[in-house]
Structures are given as C-alpha cells and as structure tokens.
$ cat upload-v4.pdb   # PDB, C-alpha atoms
ATOM      1  CA  MET A 734       0.000   0.000   0.000
ATOM      2  CA  TRP A 735       1.217   3.481  -0.792
ATOM      3  CA  SER A 736       1.908   6.023   1.863
ATOM      4  CA  LYS A 737       0.573   9.558   1.763
ATOM      5  CA  GLU A 738       4.109  10.782   1.036
ATOM      6  CA  ASP A 739       4.378   8.470  -1.996
ATOM      7  CA  ILE A 740       1.064   9.683  -3.355
ATOM      8  CA  ASP A 741       2.020  13.324  -2.753
ATOM      9  CA  ALA A 742       5.350  12.800  -4.537
ATOM     10  CA  LEU A 743       3.590  11.218  -7.523
ATOM     11  CA  ASN A 744       1.098  14.079  -7.618
ATOM     12  CA  ARG A 745       3.945  16.618  -7.634
ATOM     13  CA  GLU A 746       5.711  14.755 -10.459
ATOM     14  CA  GLU A 747       2.488  14.609 -12.449
ATOM     15  CA  ASP A 748       1.867  18.320 -11.901
ATOM     16  CA  GLU A 749       5.404  19.132 -13.073
ATOM     17  CA  LEU A 750       4.959  17.041 -16.226
ATOM     18  CA  VAL A 751       1.624  18.665 -17.014
ATOM     19  CA  CYS A 752       3.200  22.088 -16.490
ATOM     20  CA  LYS A 753       6.059  21.263 -18.887
ATOM     21  CA  ILE A 754       3.604  20.025 -21.510
ATOM     22  CA  MET A 755       1.467  23.155 -21.177
ATOM     23  CA  LYS A 756       4.520  25.409 -21.535
ATOM     24  CA  LYS A 757       5.589  23.531 -24.662
ATOM     25  CA  MET A 758       2.088  23.801 -26.132
ATOM     26  CA  LYS A 759       1.991  27.547 -25.441
ATOM     27  CA  PHE A 760       5.436  27.996 -26.995
ATOM     28  CA  GLU A 761       4.405  26.060 -30.110
ATOM     29  CA  ALA A 762       1.208  28.129 -30.418
ATOM     30  CA  ILE A 763       3.175  31.379 -30.151
ATOM     31  CA  LYS A 764       5.701  30.119 -32.694
ATOM     32  CA  THR A 765       2.928  29.140 -35.126
ATOM     33  CA  ARG A 766       1.165  32.512 -34.775
ATOM     34  CA  ARG A 767       4.414  34.396 -35.371
ATOM     35  CA  GLU A 768       5.194  32.330 -38.465
ATOM     36  CA  GLU A 769       1.682  32.917 -39.804
ATOM     37  CA  ARG A 770       1.988  36.652 -39.129
ATOM     38  CA  ARG A 771       5.371  36.788 -40.878
ATOM     39  CA  ASN A 772       3.986  34.923 -43.894
ATOM     40  CA  MET A 773       0.995  37.276 -44.058
ATOM     41  CA  LEU A 774       3.249  40.337 -43.908
ATOM     42  CA  GLU A 775       5.513  38.966 -46.634
ATOM     43  CA  LYS A 776       2.457  38.332 -48.810
ATOM     44  CA  LEU A 777       1.163  41.850 -48.197
ATOM     45  CA  LEU A 778       4.571  43.311 -48.993
ATOM     46  CA  GLY A 779       4.592  41.408 -52.271
ATOM     47  CA  GLU A 780       1.137  42.748 -53.114
ATOM     48  CA  VAL A 781       2.182  46.311 -52.267
ATOM     49  CA  ASN A 782       5.333  46.006 -54.350
ATOM     50  CA  GLU A 783       3.286  44.621 -57.227
ATOM     51  CA  GLU A 784       0.789  47.490 -56.980
ATOM     52  CA  MET A 785       3.589  50.043 -56.787
ATOM     53  CA  GLY A 786       5.172  48.490 -59.861
ATOM     54  CA  ASN A 787       1.868  48.714 -61.717
ATOM     55  CA  VAL A 788       1.413  52.349 -60.690
ATOM     56  CA  SER A 789       4.872  53.375 -61.865
ATOM     57  CA  THR A 790       4.488  51.606 -65.222
ATOM     58  CA  ASP A 791       1.058  53.165 -65.824
ATOM     59  CA  LYS A 792       2.546  56.663 -66.051
TER      60      LYS A 792
END
$ encode --input "upload-v4.pdb" --output "structure tokens"
Amino acid sequence: MWSKEDIDALNREEDELVCKIMKKMKFEAIKTRREERRNMLEKLLGEVNEEMGNVSTDK
C-alpha cells in the first residue's frame, strides 16, 4: 500500500509534467502565430510592391 508521502510525490511529479507540456504547447502556439503573421506580412509586402510596380508603369 502506498503512503501519503508516496502519493504526494507522484502528484507533484504529475503536476510538473503537465506544467512542462502546457509550456511547450503555449510555446508552439506562439511560434505558429508568429510564423503565420510573418507569412501574411511577406504576402502583403509582395502585393504592395506589385501594386507600386503597376502604378509606376502606368505613367
């Protein structure tokens, strides 16, 4: 039979593992959002450059 100390130690270990997993998930979500934002900005920059090129050639 397990003692209260054993159960408490297992609970602490489990809590630490869950915390590590949550931190990793948050980090991955932030990383994904930043990559998506960067890709969107690059796309917008390409569109702006294309429009500016069209404006300058129209004159």
$ atom_distance --input "upload-v4.pdb" --atom1 "CA of Gly786 (chain A)" --atom2 "CA of Arg771 (chain A)"
22.3 Å
$ axis_aligned_box --input "upload-v4.pdb" --around "region 777-790 of chain A" --padding-each-side "3 Å" --output "lines of an AutoDock Vina configuration file"
center_x = 3.1
center_y = 47.4
center_z = -56.7
size_x = 10.5
size_y = 18.0
size_z = 23.0
$ atom_distance --input "upload-v4.pdb" --atom1 "CA of Lys757 (chain A)" --atom2 "CA of Asp739 (chain A)"
27.2 Å
$ build_atoms --input "upload-v4.pdb" --residues "region 740-764 of chain A" --atoms "N, CA and C atoms" --output "mmCIF file, in the frame of the given file"
data_model
loop_
_atom_site.group_PDB
_atom_site.id
_atom_site.type_symbol
_atom_site.label_atom_id
_atom_site.label_comp_id
_atom_site.auth_asym_id
_atom_site.auth_seq_id
_atom_site.Cartn_x
_atom_site.Cartn_y
_atom_site.Cartn_z
ATOM 1 N N ILE A 740 2.134 9.129 -2.516
ATOM 2 C CA ILE A 740 1.064 9.683 -3.355
ATOM 3 C C ILE A 740 1.310 11.161 -3.611
ATOM 4 N N ASP A 741 1.718 11.897 -2.582
ATOM 5 C CA ASP A 741 2.020 13.324 -2.753
ATOM 6 C C ASP A 741 3.174 13.528 -3.732
ATOM 7 N N ALA A 742 4.204 12.692 -3.631
ATOM 8 C CA ALA A 742 5.350 12.800 -4.537
ATOM 9 C C ALA A 742 4.915 12.526 -5.974
ATOM 10 N N LEU A 743 4.090 11.522 -6.177
ATOM 11 C CA LEU A 743 3.590 11.218 -7.523
ATOM 12 C C LEU A 743 2.734 12.360 -8.058
ATOM 13 N N ASN A 744 1.919 12.938 -7.197
ATOM 14 C CA ASN A 744 1.098 14.079 -7.618
ATOM 15 C C ASN A 744 1.966 15.262 -8.039
ATOM 16 N N ARG A 745 3.032 15.523 -7.278
ATOM 17 C CA ARG A 745 3.945 16.618 -7.634
ATOM 18 C C ARG A 745 4.621 16.346 -8.979
ATOM 19 N N GLU A 746 5.076 15.114 -9.188
ATOM 20 C CA GLU A 746 5.711 14.755 -10.459
ATOM 21 C C GLU A 746 4.732 14.924 -11.622
ATOM 22 N N GLU A 747 3.507 14.479 -11.407
ATOM 23 C CA GLU A 747 2.488 14.609 -12.449
ATOM 24 C C GLU A 747 2.217 16.079 -12.749
ATOM 25 N N ASP A 748 2.099 16.885 -11.710
ATOM 26 C CA ASP A 748 1.867 18.320 -11.901
ATOM 27 C C ASP A 748 3.012 18.970 -12.676
ATOM 28 N N GLU A 749 4.246 18.587 -12.365
ATOM 29 C CA GLU A 749 5.404 19.132 -13.073
ATOM 30 C C GLU A 749 5.372 18.746 -14.550
ATOM 31 N N LEU A 750 5.028 17.495 -14.834
ATOM 32 C CA LEU A 750 4.959 17.041 -16.226
ATOM 33 C C LEU A 750 3.865 17.778 -16.994
ATOM 34 N N VAL A 751 2.721 17.937 -16.369
ATOM 35 C CA VAL A 751 1.624 18.665 -17.014
ATOM 36 C C VAL A 751 2.042 20.106 -17.277
ATOM 37 N N CYS A 752 2.733 20.707 -16.332
ATOM 38 C CA CYS A 752 3.200 22.088 -16.490
ATOM 39 C C CYS A 752 4.170 22.192 -17.664
ATOM 40 N N LYS A 753 5.104 21.261 -17.773
ATOM 41 C CA LYS A 753 6.059 21.263 -18.887
ATOM 42 C C LYS A 753 5.340 21.116 -20.223
ATOM 43 N N ILE A 754 4.360 20.235 -20.271
ATOM 44 C CA ILE A 754 3.604 20.025 -21.510
ATOM 45 C C ILE A 754 2.845 21.288 -21.885
ATOM 46 N N MET A 755 2.218 21.927 -20.906
ATOM 47 C CA MET A 755 1.467 23.155 -21.177
ATOM 48 C C MET A 755 2.389 24.263 -21.681
ATOM 49 N N LYS A 756 3.565 24.398 -21.085
ATOM 50 C CA LYS A 756 4.520 25.409 -21.535
ATOM 51 C C LYS A 756 4.939 25.144 -22.971
ATOM 52 N N LYS A 757 5.188 23.880 -23.297
ATOM 53 C CA LYS A 757 5.589 23.531 -24.662
ATOM 54 C C LYS A 757 4.459 23.831 -25.641
ATOM 55 N N MET A 758 3.233 23.522 -25.264
ATOM 56 C CA MET A 758 2.088 23.801 -26.132
ATOM 57 C C MET A 758 1.936 25.302 -26.361
ATOM 58 N N LYS A 759 2.086 26.091 -25.307
ATOM 59 C CA LYS A 759 1.991 27.547 -25.441
ATOM 60 C C LYS A 759 3.092 28.073 -26.347
ATOM 61 N N PHE A 760 4.316 27.572 -26.165
ATOM 62 C CA PHE A 760 5.436 27.996 -26.995
ATOM 63 C C PHE A 760 5.168 27.666 -28.463
ATOM 64 N N GLU A 761 4.690 26.464 -28.729
ATOM 65 C CA GLU A 761 4.405 26.060 -30.110
ATOM 66 C C GLU A 761 3.304 26.930 -30.711
ATOM 67 N N ALA A 762 2.292 27.272 -29.921
ATOM 68 C CA ALA A 762 1.208 28.129 -30.418
ATOM 69 C C ALA A 762 1.734 29.520 -30.752
ATOM 70 N N ILE A 763 2.586 30.062 -29.893
ATOM 71 C CA ILE A 763 3.175 31.379 -30.151
ATOM 72 C C ILE A 763 4.028 31.323 -31.404
ATOM 73 N N LYS A 764 4.831 30.279 -31.525
ATOM 74 C CA LYS A 764 5.701 30.119 -32.694
ATOM 75 C C LYS A 764 4.874 30.040 -33.974
#
